[in-house]
file structure-v8.cif (mmCIF, C-alpha atoms)
data_final
loop_
_atom_site.group_PDB
_atom_site.id
_atom_site.type_symbol
_atom_site.label_atom_id
_atom_site.label_comp_id
_atom_site.auth_asym_id
_atom_site.auth_seq_id
_atom_site.Cartn_x
_atom_site.Cartn_y
_atom_site.Cartn_z
ATOM 1 C CA MET M 1 -12.577 22.596 10.860
ATOM 2 C CA ALA M 2 -9.988 23.018 13.610
ATOM 3 C CA ASP M 3 -8.884 26.387 15.009
ATOM 4 C CA LYS M 4 -5.197 25.504 14.785
ATOM 5 C CA ILE M 5 -2.979 23.464 12.484
ATOM 6 C CA LYS M 6 0.394 21.890 13.208
ATOM 7 C CA ILE M 7 2.839 22.251 10.328
ATOM 8 C CA THR M 8 5.935 20.010 10.248
ATOM 9 C CA LEU M 9 8.794 20.289 7.761
ATOM 10 C CA VAL M 10 9.442 16.752 6.489
ATOM 11 C CA ARG M 11 11.629 17.419 3.430
ATOM 12 C CA SER M 12 14.662 19.612 2.875
ATOM 13 C CA VAL M 13 14.375 22.990 1.159
ATOM 14 C CA ALA M 14 17.632 22.323 -0.717
ATOM 15 C CA GLY M 15 16.962 22.469 -4.443
ATOM 16 C CA THR M 16 13.630 24.264 -4.110
ATOM 17 C CA LEU M 17 12.636 27.584 -5.589
ATOM 18 C CA PRO M 18 13.549 30.772 -3.673
ATOM 19 C CA LYS M 19 9.844 31.571 -3.178
ATOM 20 C CA GLN M 20 9.324 28.201 -1.493
ATOM 21 C CA ARG M 21 12.363 28.712 0.775
ATOM 22 C CA LYS M 22 11.034 32.104 1.855
ATOM 23 C CA THR M 23 7.610 30.604 2.520
ATOM 24 C CA VAL M 24 9.084 27.876 4.747
ATOM 25 C CA LYS M 25 11.067 30.495 6.663
ATOM 26 C CA ALA M 26 8.002 32.752 6.979
ATOM 27 C CA LEU M 27 6.074 29.845 8.491
ATOM 28 C CA GLY M 28 8.765 29.658 11.165
ATOM 29 C CA LEU M 29 10.258 26.354 10.066
ATOM 30 C CA GLY M 30 14.008 25.818 9.984
ATOM 31 C CA LYS M 31 15.349 22.302 10.173
ATOM 32 C CA ILE M 32 13.697 19.068 9.105
ATOM 33 C CA ASN M 33 11.157 17.788 11.672
ATOM 34 C CA SER M 34 10.673 21.267 13.138
ATOM 35 C CA SER M 35 7.023 22.064 13.851
ATOM 36 C CA VAL M 36 4.904 25.128 14.450
ATOM 37 C CA ILE M 37 1.277 25.606 15.433
ATOM 38 C CA LYS M 38 -0.559 28.296 13.492
ATOM 39 C CA ASP M 39 -4.122 29.552 13.237
ATOM 40 C CA ASN M 40 -6.117 27.831 10.519
ATOM 41 C CA ASN M 41 -6.903 30.788 8.261
ATOM 42 C CA PRO M 42 -6.711 31.465 4.512
ATOM 43 C CA VAL M 43 -3.276 33.102 4.816
ATOM 44 C CA HIS M 44 -1.640 30.046 6.361
ATOM 45 C CA GLN M 45 -3.592 27.665 4.126
ATOM 46 C CA GLY M 46 -2.181 29.449 1.061
ATOM 47 C CA MET M 47 1.352 29.292 2.425
ATOM 48 C CA VAL M 48 0.974 25.574 3.120
ATOM 49 C CA ARG M 49 -0.347 25.037 -0.407
ATOM 50 C CA VAL M 50 2.843 26.586 -1.870
ATOM 51 C CA VAL M 51 5.073 24.143 0.044
ATOM 52 C CA SER M 52 2.672 21.207 0.380
ATOM 53 C CA HIS M 53 5.284 18.797 -1.002
ATOM 54 C CA LEU M 54 7.684 19.728 1.820
ATOM 55 C CA VAL M 55 5.397 19.771 4.867
ATOM 56 C CA LYS M 56 2.932 17.647 6.776
ATOM 57 C CA VAL M 57 -0.180 19.310 8.197
ATOM 58 C CA GLU M 58 -2.292 18.080 11.130
ATOM 59 C CA GLU M 59 -5.328 19.593 12.794
ATOM 60 C CA VAL M 60 -4.852 20.391 16.472
#
call {"tool": "encode", "arguments": {"input": "structure-v8.cif", "output": "structure tokens"}}
result
Amino acid sequence: MADKIKITLVRSVAGTLPKQRKTVKALGLGKINSSVIKDNNPVHQGMVRVVSHLVKVEEV
């Protein structure tokens, strides 16, 4: 398992639940195709699971 993961927003948050919008913002994602690199830990894995239909995840 990799130390870091790259999270990319590939779908719009328009029409999603408020909890999912807050999760995307908390991950540091704003516009479509924006990416962030985060540590691969249970906290970030849980956040990605909440918005899995909106993001793409790659191991770095």
call {"tool": "closest_residue", "arguments": {"input": "structure-v8.cif", "among": "M:Gly30, M:Val36, M:Leu17, M:Pro42", "to": "Lys56 of chain M", "atoms": "all atoms listed in the file"}}
result
M:Val36
call {"tool": "resolve_selection", "arguments": {"input": "structure-v8.cif", "expression": "the PyMOL selection byres ((chain M and resi 4) around 10)", "output": "number ranges by chain"}}
result
M: 1-3, 5-7, 37-41, 58-60
call {"tool": "residues_around", "arguments": {"input": "structure-v8.cif", "residues": "Ile32 of chain M", "least_positions_apart": "6", "cutoff": "9 Å", "atoms": "only C-alpha atoms", "output": "ChimeraX atom specification"}}
result
/M:8-13
call {"tool": "write_last_selection", "arguments": {"input": "structure-v8.cif", "atoms": "C-alpha atoms", "output": "compact mmCIF listing (two decimals), in the coordinates of the input"}}
result
# COMPACT_ATOMS: atom_id res chain seq x y z
CA THR M 8 5.94 20.01 10.25
CA LEU M 9 8.79 20.29 7.76
CA VAL M 10 9.44 16.75 6.49
CA ARG M 11 11.63 17.42 3.43
CA SER M 12 14.66 19.61 2.88
CA VAL M 13 14.38 22.99 1.16
call {"tool": "resolve_selection", "arguments": {"input": "structure-v8.cif", "expression": "the PyMOL selection byres ((chain M and resi 50) around 12)", "output": "VMD selection string"}}
result
chain M and resid 16 to 24 26 to 27 43 to 49 51 to 55
call {"tool": "axis_aligned_box", "arguments": {"input": "structure-v8.cif", "around": "segment 5-13 of chain M", "padding_each_side": "4 Å", "output": "lines of an AutoDock Vina configuration file"}}
result
center_x = 5.8
center_y = 20.1
center_z = 7.2
size_x = 25.6
size_y = 14.7
size_z = 20.0
call {"tool": "decode", "arguments": {"input": "structure-v8.cif", "residues": "segment 18-32 of chain M", "atoms": "N, CA and C atoms", "output": "CSV table (one decimal), in the first residue's frame"}}
result
chain,number,residue,atom,x,y,z
M,18,PRO,N,-25.3,18.0,0.9
M,18,PRO,CA,-24.5,19.0,1.6
M,18,PRO,C,-23.3,18.3,2.3
M,19,LYS,N,-23.5,17.1,2.8
M,19,LYS,CA,-22.4,16.4,3.5
M,19,LYS,C,-21.3,16.1,2.4
M,20,GLN,N,-21.7,15.7,1.2
M,20,GLN,CA,-20.7,15.4,0.2
M,20,GLN,C,-19.9,16.6,-0.3
M,21,ARG,N,-20.6,17.7,-0.4
M,21,ARG,CA,-20.0,19.0,-0.8
M,21,ARG,C,-19.0,19.4,0.3
M,22,LYS,N,-19.3,19.3,1.6
M,22,LYS,CA,-18.4,19.6,2.6
M,22,LYS,C,-17.2,18.7,2.6
M,23,THR,N,-17.4,17.4,2.3
M,23,THR,CA,-16.3,16.5,2.2
M,23,THR,C,-15.3,16.8,1.1
M,24,VAL,N,-15.8,17.2,0.0
M,24,VAL,CA,-15.0,17.6,-1.2
M,24,VAL,C,-14.2,18.8,-0.8
M,25,LYS,N,-14.8,19.8,-0.2
M,25,LYS,CA,-14.1,21.0,0.2
M,25,LYS,C,-13.0,20.7,1.3
M,26,ALA,N,-13.4,19.8,2.2
M,26,ALA,CA,-12.4,19.4,3.3
M,26,ALA,C,-11.2,18.7,2.7
M,27,LEU,N,-11.4,18.0,1.6
M,27,LEU,CA,-10.3,17.3,1.0
M,27,LEU,C,-9.4,18.3,0.2
M,28,GLY,N,-9.9,19.5,0.0
M,28,GLY,CA,-9.1,20.6,-0.6
M,28,GLY,C,-9.3,20.7,-2.1
M,29,LEU,N,-10.4,20.1,-2.5
M,29,LEU,CA,-10.8,20.1,-4.0
M,29,LEU,C,-11.8,21.2,-4.2
M,30,GLY,N,-11.6,21.9,-5.3
M,30,GLY,CA,-12.5,23.0,-5.7
M,30,GLY,C,-13.2,22.7,-7.0
M,31,LYS,N,-12.5,23.0,-8.1
M,31,LYS,CA,-13.0,22.8,-9.4
M,31,LYS,C,-12.8,21.4,-9.9
M,32,ILE,N,-13.5,21.1,-11.0
M,32,ILE,CA,-13.3,19.8,-11.7
M,32,ILE,C,-11.9,19.7,-12.2
